[in-house]
>>> print(open('coords-v3.cif').read())   # mmCIF, C-alpha atoms
data_model
#
loop_
_atom_site.group_PDB
_atom_site.id
_atom_site.type_symbol
_atom_site.label_atom_id
_atom_site.label_comp_id
_atom_site.auth_asym_id
_atom_site.auth_seq_id
_atom_site.Cartn_x
_atom_site.Cartn_y
_atom_site.Cartn_z
ATOM 1 C CA MET W 1 -106.714 -80.777 -60.023
ATOM 2 C CA PHE W 2 -108.360 -84.110 -59.188
ATOM 3 C CA SER W 3 -107.451 -87.779 -59.255
ATOM 4 C CA TYR W 4 -109.895 -90.656 -59.117
ATOM 5 C CA ARG W 5 -110.351 -94.399 -59.280
ATOM 6 C CA VAL W 6 -113.355 -96.560 -60.104
ATOM 7 C CA ILE W 7 -114.580 -98.547 -57.100
ATOM 8 C CA ASP W 8 -116.476 -101.816 -56.937
ATOM 9 C CA SER W 9 -119.961 -101.408 -55.537
ATOM 10 C CA GLN W 10 -123.179 -103.390 -55.248
ATOM 11 C CA LEU W 11 -125.107 -100.138 -54.816
ATOM 12 C CA THR W 12 -125.423 -98.977 -58.421
ATOM 13 C CA THR W 13 -128.908 -98.144 -59.706
ATOM 14 C CA ASP W 14 -130.565 -96.777 -62.842
ATOM 15 C CA LEU W 15 -129.667 -93.279 -61.597
ATOM 16 C CA HIS W 16 -125.960 -94.046 -61.241
ATOM 17 C CA HIS W 17 -124.401 -97.068 -62.960
ATOM 18 C CA GLN W 18 -120.898 -96.651 -61.603
ATOM 19 C CA GLN W 19 -119.102 -95.007 -58.689
ATOM 20 C CA ILE W 20 -115.698 -93.420 -58.303
ATOM 21 C CA GLU W 21 -113.543 -92.230 -55.437
ATOM 22 C CA ILE W 22 -112.301 -88.731 -56.249
ATOM 23 C CA ARG W 23 -109.622 -86.708 -54.446
ATOM 24 C CA LEU W 24 -108.507 -83.106 -54.584
ATOM 25 C CA ASN W 25 -104.780 -83.059 -55.359
ATOM 26 C CA ASP W 26 -103.911 -79.530 -54.228
ATOM 27 C CA THR W 27 -105.378 -78.773 -50.792
ATOM 28 C CA ALA W 28 -103.238 -75.697 -50.098
ATOM 29 C CA GLY W 29 -106.213 -73.301 -50.142
ATOM 30 C CA ILE W 30 -108.259 -75.211 -47.581
ATOM 31 C CA PRO W 31 -108.146 -73.816 -44.011
ATOM 32 C CA ASN W 32 -106.165 -75.949 -41.568
ATOM 33 C CA GLY W 33 -108.575 -75.538 -38.675
ATOM 34 C CA GLU W 34 -107.757 -76.777 -35.193
ATOM 35 C CA GLN W 35 -105.754 -79.734 -36.497
ATOM 36 C CA LYS W 36 -103.961 -80.260 -39.776
ATOM 37 C CA ARG W 37 -106.035 -82.842 -41.649
ATOM 38 C CA THR W 38 -106.030 -84.442 -45.052
ATOM 39 C CA PRO W 39 -109.481 -83.474 -46.382
ATOM 40 C CA ALA W 40 -111.855 -86.313 -47.125
ATOM 41 C CA HIS W 41 -112.201 -87.786 -50.598
ATOM 42 C CA CYS W 42 -115.670 -88.282 -52.081
ATOM 43 C CA VAL W 43 -117.535 -91.285 -53.445
ATOM 44 C CA ILE W 44 -119.545 -89.982 -56.372
ATOM 45 C CA THR W 45 -120.589 -90.842 -59.926
ATOM 46 C CA PRO W 46 -118.225 -90.499 -62.928
ATOM 47 C CA THR W 47 -120.425 -87.741 -64.391
ATOM 48 C CA PHE W 48 -119.277 -85.518 -61.519
ATOM 49 C CA LEU W 49 -115.836 -85.356 -63.144
ATOM 50 C CA ASP W 50 -117.329 -82.921 -65.686
ATOM 51 C CA ALA W 51 -118.526 -80.656 -62.869
ATOM 52 C CA ALA W 52 -115.806 -80.873 -60.212
ATOM 53 C CA ALA W 53 -113.608 -78.062 -61.562
ATOM 54 C CA ARG W 54 -116.641 -75.852 -62.296
ATOM 55 C CA ILE W 55 -117.726 -76.158 -58.669
ATOM 56 C CA ARG W 56 -114.222 -75.541 -57.287
ATOM 57 C CA ASN W 57 -113.999 -72.401 -59.445
ATOM 58 C CA LEU W 58 -117.557 -71.215 -58.823
ATOM 59 C CA THR W 59 -117.941 -67.502 -58.072
ATOM 60 C CA VAL W 60 -118.979 -67.033 -54.440
ATOM 61 C CA TYR W 61 -120.704 -63.973 -52.985
ATOM 62 C CA GLU W 62 -120.460 -62.700 -49.436
ATOM 63 C CA ASP W 63 -124.237 -62.928 -48.953
ATOM 64 C CA ASP W 64 -124.411 -66.554 -50.142
ATOM 65 C CA VAL W 65 -125.694 -69.142 -47.674
ATOM 66 C CA TRP W 66 -124.330 -72.680 -47.955
ATOM 67 C CA ILE W 67 -126.157 -75.583 -46.282
ATOM 68 C CA VAL W 68 -123.823 -78.574 -46.111
ATOM 69 C CA THR W 69 -124.702 -82.028 -44.793
ATOM 70 C CA PHE W 70 -124.110 -85.688 -45.405
ATOM 71 C CA PRO W 71 -127.317 -87.137 -46.924
ATOM 72 C CA LYS W 72 -130.231 -87.706 -44.514
ATOM 73 C CA ALA W 73 -128.610 -85.656 -41.757
ATOM 74 C CA GLY W 74 -131.306 -83.020 -41.372
ATOM 75 C CA THR W 75 -130.733 -81.304 -44.704
ATOM 76 C CA THR W 76 -134.313 -80.296 -45.520
ATOM 77 C CA TRP W 77 -135.004 -79.184 -41.975
ATOM 78 C CA THR W 78 -131.860 -77.043 -41.960
ATOM 79 C CA GLN W 79 -132.626 -75.573 -45.392
ATOM 80 C CA GLU W 80 -136.121 -74.471 -44.394
ATOM 81 C CA MET W 81 -134.955 -73.061 -41.062
ATOM 82 C CA VAL W 82 -132.047 -71.123 -42.560
ATOM 83 C CA TRP W 83 -134.025 -69.804 -45.536
ATOM 84 C CA LEU W 84 -136.785 -68.416 -43.318
ATOM 85 C CA ILE W 85 -134.401 -66.812 -40.836
ATOM 86 C CA ASP W 86 -132.399 -65.178 -43.627
ATOM 87 C CA HIS W 87 -135.576 -63.990 -45.425
ATOM 88 C CA ASP W 88 -137.242 -62.278 -42.465
ATOM 89 C CA LEU W 89 -139.705 -65.129 -41.853
ATOM 90 C CA ASP W 90 -141.315 -64.871 -45.300
ATOM 91 C CA TYR W 91 -143.812 -67.715 -44.833
ATOM 92 C CA GLY W 92 -145.794 -66.614 -47.886
ATOM 93 C CA THR W 93 -142.979 -67.308 -50.338
ATOM 94 C CA ALA W 94 -141.896 -70.377 -48.397
ATOM 95 C CA SER W 95 -145.372 -71.889 -48.775
ATOM 96 C CA LYS W 96 -145.607 -71.209 -52.517
ATOM 97 C CA VAL W 97 -142.097 -71.934 -53.834
ATOM 98 C CA ASN W 98 -140.602 -75.432 -53.689
ATOM 99 C CA LEU W 99 -137.639 -75.648 -51.328
ATOM 100 C CA LEU W 100 -135.453 -77.054 -54.139
ATOM 101 C CA GLU W 101 -136.046 -73.778 -56.025
ATOM 102 C CA ARG W 102 -135.353 -71.584 -52.992
ATOM 103 C CA SER W 103 -132.306 -73.594 -51.929
ATOM 104 C CA VAL W 104 -130.794 -75.268 -55.001
ATOM 105 C CA PHE W 105 -129.078 -78.676 -54.769
ATOM 106 C CA LEU W 106 -125.725 -77.765 -56.329
ATOM 107 C CA GLU W 107 -124.464 -81.109 -57.672
ATOM 108 C CA LEU W 108 -127.783 -82.903 -58.232
ATOM 109 C CA SER W 109 -127.676 -82.938 -62.037
ATOM 110 C CA TRP W 110 -124.157 -84.399 -61.931
ATOM 111 C CA VAL W 111 -125.062 -87.521 -59.960
ATOM 112 C CA ILE W 112 -128.161 -88.449 -62.013
ATOM 113 C CA LEU W 113 -127.651 -90.022 -65.419
ATOM 114 C CA GLY W 114 -129.197 -88.073 -68.266
ATOM 115 C CA CYS W 115 -130.386 -85.172 -66.127
ATOM 116 C CA PRO W 116 -131.595 -82.411 -68.515
ATOM 117 C CA VAL W 117 -131.028 -79.539 -66.043
ATOM 118 C CA ASP W 118 -127.676 -78.003 -65.109
ATOM 119 C CA THR W 119 -128.007 -77.319 -61.374
ATOM 120 C CA ILE W 120 -124.653 -75.507 -61.236
ATOM 121 C CA GLN W 121 -126.045 -73.064 -63.778
ATOM 122 C CA GLN W 122 -129.199 -72.795 -61.661
ATOM 123 C CA VAL W 123 -127.050 -71.753 -58.708
ATOM 124 C CA GLU W 124 -125.209 -69.191 -60.844
ATOM 125 C CA HIS W 125 -128.525 -67.610 -61.842
ATOM 126 C CA LEU W 126 -130.160 -67.611 -58.410
ATOM 127 C CA PRO W 127 -131.267 -64.211 -57.108
ATOM 128 C CA ARG W 128 -129.184 -63.033 -54.190
ATOM 129 C CA PRO W 129 -128.874 -63.917 -51.411
ATOM 130 C CA ARG W 130 -128.359 -67.360 -52.927
ATOM 131 C CA HIS W 131 -129.153 -70.387 -50.781
ATOM 132 C CA ILE W 132 -127.189 -73.431 -51.894
ATOM 133 C CA LYS W 133 -127.534 -76.997 -50.664
ATOM 134 C CA THR W 134 -124.781 -79.571 -51.096
ATOM 135 C CA HIS W 135 -123.702 -82.958 -49.777
ATOM 136 C CA LEU W 136 -120.154 -82.558 -51.085
ATOM 137 C CA PRO W 137 -117.256 -82.915 -48.631
ATOM 138 C CA LEU W 138 -115.288 -79.785 -47.795
ATOM 139 C CA ALA W 139 -112.499 -80.350 -50.347
ATOM 140 C CA PHE W 140 -114.905 -80.251 -53.309
ATOM 141 C CA LEU W 141 -116.627 -76.987 -52.460
ATOM 142 C CA PRO W 142 -115.674 -73.697 -54.147
ATOM 143 C CA SER W 143 -112.239 -72.441 -53.159
ATOM 144 C CA GLN W 144 -113.655 -68.929 -52.726
ATOM 145 C CA LEU W 145 -115.622 -70.071 -49.652
ATOM 146 C CA TRP W 146 -112.451 -69.511 -47.624
ATOM 147 C CA THR W 147 -111.609 -66.047 -49.024
ATOM 148 C CA VAL W 148 -115.054 -64.484 -49.593
ATOM 149 C CA LYS W 149 -116.409 -66.115 -46.401
ATOM 150 C CA PRO W 150 -120.157 -66.466 -46.936
ATOM 151 C CA ARG W 151 -122.201 -68.124 -44.199
ATOM 152 C CA ILE W 152 -121.878 -71.928 -44.065
ATOM 153 C CA VAL W 153 -124.265 -73.996 -41.949
ATOM 154 C CA TYR W 154 -123.271 -77.610 -41.395
ATOM 155 C CA CYS W 155 -125.561 -80.204 -39.783
ATOM 156 C CA ALA W 156 -124.356 -83.607 -38.544
ATOM 157 C CA ARG W 157 -126.417 -86.632 -37.491
ATOM 158 C CA ASN W 158 -125.593 -89.901 -35.756
ATOM 159 C CA PRO W 159 -124.486 -92.366 -38.474
ATOM 160 C CA LYS W 160 -126.679 -95.133 -37.056
ATOM 161 C CA ASP W 161 -129.812 -93.053 -37.669
ATOM 162 C CA VAL W 162 -128.437 -91.880 -41.019
ATOM 163 C CA ALA W 163 -127.960 -95.528 -42.024
ATOM 164 C CA VAL W 164 -131.656 -96.329 -41.638
ATOM 165 C CA SER W 165 -132.949 -93.125 -43.230
ATOM 166 C CA TYR W 166 -130.451 -93.246 -46.107
ATOM 167 C CA MET W 167 -131.289 -96.900 -46.770
ATOM 168 C CA HIS W 168 -134.974 -96.031 -47.264
ATOM 169 C CA HIS W 169 -133.942 -93.039 -49.383
ATOM 170 C CA TYR W 170 -131.773 -95.253 -51.608
ATOM 171 C CA HIS W 171 -134.667 -97.658 -52.108
ATOM 172 C CA HIS W 172 -137.325 -95.039 -52.845
ATOM 173 C CA LEU W 173 -135.470 -92.267 -54.651
ATOM 174 C CA HIS W 174 -132.389 -93.973 -56.080
ATOM 175 C CA GLY W 175 -134.179 -97.181 -57.071
ATOM 176 C CA PHE W 176 -131.854 -99.515 -55.161
ATOM 177 C CA THR W 177 -133.418 -102.991 -55.019
ATOM 178 C CA GLY W 178 -130.866 -104.908 -52.955
ATOM 179 C CA PRO W 179 -131.245 -106.023 -49.341
ATOM 180 C CA LYS W 180 -130.721 -103.486 -46.587
ATOM 181 C CA GLU W 181 -127.690 -105.424 -45.327
ATOM 182 C CA VAL W 182 -125.865 -104.697 -48.595
ATOM 183 C CA PHE W 183 -126.563 -101.002 -48.125
ATOM 184 C CA PHE W 184 -125.424 -101.023 -44.486
ATOM 185 C CA ASP W 185 -122.237 -102.875 -45.453
ATOM 186 C CA GLY W 186 -121.651 -100.241 -48.148
ATOM 187 C CA LEU W 187 -121.899 -97.452 -45.590
ATOM 188 C CA LEU W 188 -119.521 -99.251 -43.251
ATOM 189 C CA ALA W 189 -117.056 -99.545 -46.141
ATOM 190 C CA ASP W 190 -117.582 -95.882 -47.133
ATOM 191 C CA LYS W 191 -118.765 -96.903 -50.608
ATOM 192 C CA VAL W 192 -122.126 -95.110 -50.688
ATOM 193 C CA LEU W 193 -122.575 -91.805 -52.541
ATOM 194 C CA TRP W 194 -121.039 -88.799 -50.765
ATOM 195 C CA CYS W 195 -119.056 -90.975 -48.346
ATOM 196 C CA PRO W 196 -116.876 -91.021 -46.257
ATOM 197 C CA GLN W 197 -119.536 -90.139 -43.711
ATOM 198 C CA VAL W 198 -117.598 -89.510 -40.488
ATOM 199 C CA LYS W 199 -114.686 -87.717 -42.177
ATOM 200 C CA HIS W 200 -117.307 -85.543 -43.902
ATOM 201 C CA ALA W 201 -118.371 -84.232 -40.476
ATOM 202 C CA LEU W 202 -114.844 -84.114 -39.037
ATOM 203 C CA ASP W 203 -113.614 -81.768 -41.774
ATOM 204 C CA PHE W 204 -116.268 -79.207 -40.804
ATOM 205 C CA TRP W 205 -115.906 -79.798 -37.067
ATOM 206 C CA ASN W 206 -112.238 -78.951 -37.510
ATOM 207 C CA ILE W 207 -113.089 -75.468 -38.874
ATOM 208 C CA ARG W 208 -116.116 -74.728 -36.684
ATOM 209 C CA GLN W 209 -114.210 -71.879 -35.002
ATOM 210 C CA LEU W 210 -114.315 -69.832 -38.225
ATOM 211 C CA ASP W 211 -116.713 -66.914 -37.869
ATOM 212 C CA HIS W 212 -118.634 -67.809 -41.035
ATOM 213 C CA VAL W 213 -119.183 -71.479 -40.129
ATOM 214 C CA LEU W 214 -121.987 -72.745 -37.874
ATOM 215 C CA PHE W 215 -121.947 -76.419 -36.842
ATOM 216 C CA LEU W 216 -125.263 -77.988 -35.785
ATOM 217 C CA HIS W 217 -126.411 -81.430 -34.651
ATOM 218 C CA PHE W 218 -129.674 -82.973 -35.879
ATOM 219 C CA GLU W 219 -130.281 -84.478 -32.428
ATOM 220 C CA GLU W 220 -129.811 -81.063 -30.825
ATOM 221 C CA MET W 221 -132.535 -79.692 -33.109
ATOM 222 C CA LYS W 222 -134.845 -82.543 -32.088
ATOM 223 C CA LYS W 223 -134.214 -82.052 -28.385
ATOM 224 C CA ASP W 224 -134.283 -78.252 -28.089
ATOM 225 C CA LEU W 225 -135.202 -76.562 -31.363
ATOM 226 C CA THR W 226 -135.693 -73.146 -29.778
ATOM 227 C CA SER W 227 -132.107 -73.031 -28.513
ATOM 228 C CA VAL W 228 -130.836 -73.936 -31.979
ATOM 229 C CA LEU W 229 -133.054 -71.275 -33.557
ATOM 230 C CA LEU W 230 -131.553 -68.648 -31.253
ATOM 231 C CA ARG W 231 -128.046 -69.679 -32.340
ATOM 232 C CA VAL W 232 -128.961 -69.503 -36.017
ATOM 233 C CA ILE W 233 -130.733 -66.164 -35.601
ATOM 234 C CA LYS W 234 -127.623 -64.749 -33.927
ATOM 235 C CA PHE W 235 -125.426 -66.221 -36.682
ATOM 236 C CA PHE W 236 -127.494 -64.269 -39.252
ATOM 237 C CA ASN W 237 -127.484 -61.085 -37.168
ATOM 238 C CA LYS W 238 -131.279 -61.085 -37.034
ATOM 239 C CA GLN W 239 -133.650 -60.154 -34.240
ATOM 240 C CA TYR W 240 -137.047 -61.767 -33.725
ATOM 241 C CA ASP W 241 -139.396 -61.364 -30.783
ATOM 242 C CA GLU W 242 -140.778 -64.166 -28.640
ATOM 243 C CA ALA W 243 -143.979 -64.519 -30.665
ATOM 244 C CA GLN W 244 -142.036 -64.756 -33.936
ATOM 245 C CA LEU W 245 -139.691 -67.330 -32.413
ATOM 246 C CA GLU W 246 -142.645 -69.407 -31.239
ATOM 247 C CA GLN W 247 -144.249 -69.239 -34.686
ATOM 248 C CA LEU W 248 -140.989 -70.286 -36.342
ATOM 249 C CA ALA W 249 -140.559 -73.240 -33.970
ATOM 250 C CA ASP W 250 -144.116 -74.335 -34.744
ATOM 251 C CA HIS W 251 -143.526 -74.022 -38.489
ATOM 252 C CA LEU W 252 -140.414 -76.211 -38.177
ATOM 253 C CA SER W 253 -142.040 -78.859 -35.966
ATOM 254 C CA PHE W 254 -142.181 -82.360 -37.436
ATOM 255 C CA ASP W 255 -145.959 -82.409 -37.876
ATOM 256 C CA THR W 256 -145.976 -79.013 -39.614
ATOM 257 C CA MET W 257 -143.040 -79.886 -41.870
ATOM 258 C CA ARG W 258 -144.771 -83.131 -42.845
ATOM 259 C CA LYS W 259 -147.749 -81.117 -44.113
ATOM 260 C CA ASN W 260 -145.681 -78.352 -45.707
ATOM 261 C CA PRO W 261 -146.573 -78.422 -49.448
ATOM 262 C CA SER W 262 -143.271 -76.838 -50.480
ATOM 263 C CA ALA W 263 -140.830 -78.705 -48.232
ATOM 264 C CA ASN W 264 -142.232 -82.136 -47.309
ATOM 265 C CA ASN W 265 -141.115 -85.369 -48.959
ATOM 266 C CA MET W 266 -143.789 -85.200 -51.654
ATOM 267 C CA ALA W 267 -142.680 -81.679 -52.594
ATOM 268 C CA LEU W 268 -139.019 -82.743 -52.740
ATOM 269 C CA CYS W 269 -139.879 -85.777 -54.860
ATOM 270 C CA LYS W 270 -141.765 -83.521 -57.269
ATOM 271 C CA GLY W 271 -138.821 -81.131 -57.326
ATOM 272 C CA ILE W 272 -136.376 -83.924 -58.137
ATOM 273 C CA GLU W 273 -138.724 -85.238 -60.850
ATOM 274 C CA SER W 274 -138.859 -81.767 -62.388
ATOM 275 C CA ILE W 275 -135.071 -81.425 -62.405
ATOM 276 C CA SER W 276 -134.133 -84.974 -63.402
ATOM 277 C CA GLY W 277 -136.943 -85.802 -65.804
ATOM 278 C CA ARG W 278 -137.315 -89.138 -64.000
ATOM 279 C CA LYS W 279 -140.228 -90.552 -62.033
ATOM 280 C CA VAL W 280 -139.361 -91.177 -58.401
ATOM 281 C CA LYS W 281 -141.269 -93.191 -55.841
ATOM 282 C CA PHE W 282 -142.814 -91.016 -53.172
ATOM 283 C CA GLU W 283 -141.692 -91.915 -49.674
ATOM 284 C CA PHE W 284 -143.877 -90.828 -46.771
ATOM 285 C CA MET W 285 -141.890 -88.943 -44.185
ATOM 286 C CA ARG W 286 -141.466 -91.228 -41.214
ATOM 287 C CA LYS W 287 -141.348 -89.857 -37.706
ATOM 288 C CA GLY W 288 -137.766 -88.830 -37.180
ATOM 289 C CA GLN W 289 -137.280 -89.779 -33.562
ATOM 290 C CA VAL W 290 -133.776 -89.682 -32.197
ATOM 291 C CA GLY W 291 -132.529 -93.245 -31.939
ATOM 292 C CA CYS W 292 -134.909 -94.646 -34.578
ATOM 293 C CA TYR W 293 -132.102 -96.970 -35.681
ATOM 294 C CA LYS W 294 -132.860 -99.159 -32.652
ATOM 295 C CA THR W 295 -136.003 -100.441 -34.366
ATOM 296 C CA GLU W 296 -134.389 -101.240 -37.746
ATOM 297 C CA LEU W 297 -130.743 -102.108 -37.085
ATOM 298 C CA SER W 298 -129.960 -105.519 -35.673
ATOM 299 C CA PRO W 299 -127.824 -105.645 -32.512
ATOM 300 C CA ASP W 300 -124.916 -106.823 -34.680
ATOM 301 C CA TYR W 301 -125.191 -103.787 -36.997
ATOM 302 C CA ILE W 302 -125.599 -101.409 -34.056
ATOM 303 C CA ASP W 303 -122.342 -102.777 -32.669
ATOM 304 C CA ARG W 304 -120.599 -102.633 -36.045
ATOM 305 C CA PHE W 305 -121.652 -99.039 -36.661
ATOM 306 C CA GLN W 306 -120.513 -98.021 -33.195
ATOM 307 C CA ARG W 307 -117.105 -99.629 -33.716
ATOM 308 C CA PHE W 308 -116.898 -97.928 -37.123
ATOM 309 C CA ILE W 309 -117.678 -94.529 -35.553
ATOM 310 C CA ASP W 310 -115.176 -95.040 -32.726
ATOM 311 C CA HIS W 311 -112.473 -95.999 -35.201
ATOM 312 C CA GLU W 312 -113.123 -92.988 -37.450
ATOM 313 C CA LEU W 313 -113.208 -90.576 -34.491
ATOM 314 C CA ASP W 314 -109.907 -91.782 -33.075
ATOM 315 C CA GLY W 315 -108.011 -88.777 -31.726
ATOM 316 C CA SER W 316 -110.848 -86.300 -32.293
ATOM 317 C CA ASP W 317 -112.848 -84.450 -29.633
ATOM 318 C CA PHE W 318 -115.933 -84.574 -31.872
ATOM 319 C CA ARG W 319 -118.788 -86.765 -30.671
ATOM 320 C CA TYR W 320 -122.105 -87.598 -32.283
ATOM 321 C CA TYR W 321 -125.253 -87.108 -30.224
ATOM 322 C CA GLU W 322 -127.511 -90.061 -29.492
#
>>> encode(input="coords-v3.cif", output="structure tokens")
Amino acid sequence: MFSYRVIDSQLTTDLHHQQIEIRLNDTAGIPNGEQKRTPAHCVITPTFLDAAARIRNLTVYEDDVWIVTFPKAGTTWTQEMVWLIDHDLDYGTASKVNLLERSVFLELSWVILGCPVDTIQQVEHLPRPRHIKTHLPLAFLPSQLWTVKPRIVYCARNPKDVAVSYMHHYHHLHGFTGPKEVFFDGLLADKVLWCPQVKHALDFWNIRQLDHVLFLHFEEMKKDLTSVLLRVIKFFNKQYDEAQLEQLADHLSFDTMRKNPSANNMALCKGIESISGRKVKFEFMRKGQVGCYKTELSPDYIDRFQRFIDHELDGSDFRYYE
């Protein structure tokens, strides 16, 4: 079903000692979308080989909700937004139950060495409607997604901003101790976990016309959250009045999310510690302004990332927001 090769990387840590590039051999069941594409491969850890077929063969239900992103592309924000909209704005449960329990990270236990919890099994045992988070590219998701057709929400973010946020994430949560330039070079070579980044987004952009797929932009959420909320509410066939919409937008504002005891960075760190059995370094949530890369990427790296994006987008009508 899959083929793989070990890749050289300077980005290994105590959580993942080695990285592989894995490919799905038979892509016949994947929707063609607007253009016929070869689905992206995935850079992942060797332990994922024990889980890849289980995930491809996972039973999918029509009322499932799948939140798919490349890392640091608005995942947590999207999870909280989607969970609340689908659960009739149940702020009580949302404030008491950790987001990683409400919206389980499908492949987490298969990218962390020695993880004592089976997160695929957690997903299988979730009460319905199940909310499932993943960073996996399209080709490695369950094949039943395209026949059962549960809701899939994809969120993309400008790779230059992702680079900065993911670099801090790799230092604090993954334990990477190398210089930031090594990490940036790894992203530009598509050798960081869950790469290739641009092809990851392009695969979902290509199928955005499917009725059960909703494609969002992180920058769009930052600029006009209310408009995005209206799109998501419509996608879930829900109806909320103006006061409820205003309350939801306030709950999802940056300052409120930062203080949210079940969905802020401290809560997610505690959730990962609980699942992995490993101590992780808490990272304070930094203000997520659009264009924050301008303060941490040198002019040379800004230019290199832009050329990388332009090259990867060649021939596509997809464009990242600034």
>>> closest_residue(input="coords-v3.cif", among="W:His16, W:Leu202, W:Lys96, W:Ile44", to="Gly315 of chain W", atoms="only C-alpha atoms")
W:Leu202
>>> resolve_selection(input="coords-v3.cif", expression="the PyMOL selection byres ((chain W and resi 23) around 7)", output="ChimeraX atom specification")
/W:2-4,21-22,24-25,41-42
>>> write_last_selection(input="coords-v3.cif", atoms="C-alpha atoms", output="CSV table (one decimal), in the coordinates of the input")
chain,number,residue,atom,x,y,z
W,2,PHE,CA,-108.4,-84.1,-59.2
W,3,SER,CA,-107.5,-87.8,-59.3
W,4,TYR,CA,-109.9,-90.7,-59.1
W,21,GLU,CA,-113.5,-92.2,-55.4
W,22,ILE,CA,-112.3,-88.7,-56.2
W,24,LEU,CA,-108.5,-83.1,-54.6
W,25,ASN,CA,-104.8,-83.1,-55.4
W,41,HIS,CA,-112.2,-87.8,-50.6
W,42,CYS,CA,-115.7,-88.3,-52.1
>>> closest_residue(input="coords-v3.cif", among="W:Asp118, W:Glu62, W:Asp50, W:Glu312", to="Ala201 of chain W", atoms="only C-alpha atoms")
W:Glu312
>>> closest_residue(input="coords-v3.cif", among="W:Val198, W:Met221, W:Leu113, W:Ile207", to="His17 of chain W", atoms="all atoms listed in the file")
W:Leu113
>>> resolve_selection(input="coords-v3.cif", expression="the PyMOL selection byres ((chain W and resi 121) around 12)", output="PyMOL selection string")
chain W and resi 51+54-55+58-59+104-110+116-120+122-126+132
>>> write_last_selection(input="coords-v3.cif", atoms="C-alpha atoms", output="mmCIF file, in the coordinates of the input")
data_model
loop_
_atom_site.group_PDB
_atom_site.id
_atom_site.type_symbol
_atom_site.label_atom_id
_atom_site.label_comp_id
_atom_site.auth_asym_id
_atom_site.auth_seq_id
_atom_site.Cartn_x
_atom_site.Cartn_y
_atom_site.Cartn_z
ATOM 1 C CA ALA W 51 -118.526 -80.656 -62.869
ATOM 2 C CA ARG W 54 -116.641 -75.852 -62.296
ATOM 3 C CA ILE W 55 -117.726 -76.158 -58.669
ATOM 4 C CA LEU W 58 -117.557 -71.215 -58.823
ATOM 5 C CA THR W 59 -117.941 -67.502 -58.072
ATOM 6 C CA VAL W 104 -130.794 -75.268 -55.001
ATOM 7 C CA PHE W 105 -129.078 -78.676 -54.769
ATOM 8 C CA LEU W 106 -125.725 -77.765 -56.329
ATOM 9 C CA GLU W 107 -124.464 -81.109 -57.672
ATOM 10 C CA LEU W 108 -127.783 -82.903 -58.232
ATOM 11 C CA SER W 109 -127.676 -82.938 -62.037
ATOM 12 C CA TRP W 110 -124.157 -84.399 -61.931
ATOM 13 C CA PRO W 116 -131.595 -82.411 -68.515
ATOM 14 C CA VAL W 117 -131.028 -79.539 -66.043
ATOM 15 C CA ASP W 118 -127.676 -78.003 -65.109
ATOM 16 C CA THR W 119 -128.007 -77.319 -61.374
ATOM 17 C CA ILE W 120 -124.653 -75.507 -61.236
ATOM 18 C CA GLN W 122 -129.199 -72.795 -61.661
ATOM 19 C CA VAL W 123 -127.050 -71.753 -58.708
ATOM 20 C CA GLU W 124 -125.209 -69.191 -60.844
ATOM 21 C CA HIS W 125 -128.525 -67.610 -61.842
ATOM 22 C CA LEU W 126 -130.160 -67.611 -58.410
ATOM 23 C CA ILE W 132 -127.189 -73.431 -51.894
#
>>> resolve_selection(input="coords-v3.cif", expression="the PyMOL selection byres ((chain W and resi 231) around 12)", output="number ranges by chain")
W: 81-82, 85, 153, 213-216, 220-221, 224-230, 232-239, 245
>>> atom_distance(input="coords-v3.cif", atom1="atom CA of Arg208 of chain W", atom2="atom CA of Arg128 of chain W")
24.8 Å
>>> residues_near_point(input="coords-v3.cif", point="(-119.3, -93.1, -61.6)", cutoff="8 Å", atoms="all atoms listed in the file", output="ChimeraX atom specification")
/W:6,16-20,44-48
>>> closest_residue(input="coords-v3.cif", among="W:Asp190, W:Arg304, W:Cys115, W:Pro71", to="Lys133 of chain W", atoms="only C-alpha atoms")
W:Pro71
>>> residues_around(input="coords-v3.cif", residues="Arg319 of chain W", least_positions_apart="5", cutoff="10 Å", atoms="all atoms listed in the file", output="mmCIF file with C-alpha atoms, keeping the file's coordinate frame")
data_model
loop_
_atom_site.group_PDB
_atom_site.id
_atom_site.type_symbol
_atom_site.label_atom_id
_atom_site.label_comp_id
_atom_site.auth_asym_id
_atom_site.auth_seq_id
_atom_site.Cartn_x
_atom_site.Cartn_y
_atom_site.Cartn_z
ATOM 1 C CA ASN W 158 -125.593 -89.901 -35.756
ATOM 2 C CA LEU W 202 -114.844 -84.114 -39.037
ATOM 3 C CA TRP W 205 -115.906 -79.798 -37.067
ATOM 4 C CA ILE W 309 -117.678 -94.529 -35.553
ATOM 5 C CA ASP W 310 -115.176 -95.040 -32.726
ATOM 6 C CA LEU W 313 -113.208 -90.576 -34.491
#
>>> atom_distance(input="coords-v3.cif", atom1="atom CA of His87 of chain W", atom2="atom CA of His131 of chain W")
10.5 Å
>>> closest_residue(input="coords-v3.cif", among="W:Gly114, W:Thr13, W:Ile7, W:Ser253", to="Thr177 of chain W", atoms="all atoms listed in the file")
W:Thr13
>>> residues_around(input="coords-v3.cif", residues="Val182 of chain W", least_positions_apart="6", cutoff="10 Å", atoms="all atoms listed in the file", output="PyMOL selection string")
chain W and resi 9-11+167+188
>>> atom_distance(input="coords-v3.cif", atom1="atom CA of Glu246 of chain W", atom2="atom CA of Asp161 of chain W")
27.7 Å
>>> axis_aligned_box(input="coords-v3.cif", around="segment 143-155 of chain W", padding_each_side="3 Å", output="JSON")
{"center_x": -118.6, "center_y": -72.3, "center_z": -46.5, "size_x": 20.0, "size_y": 21.7, "size_z": 19.4}
>>> closest_residue(input="coords-v3.cif", among="W:His174, W:Lys180, W:Lys160, W:Lys199", to="Asp14 of chain W", atoms="all atoms listed in the file")
W:His174
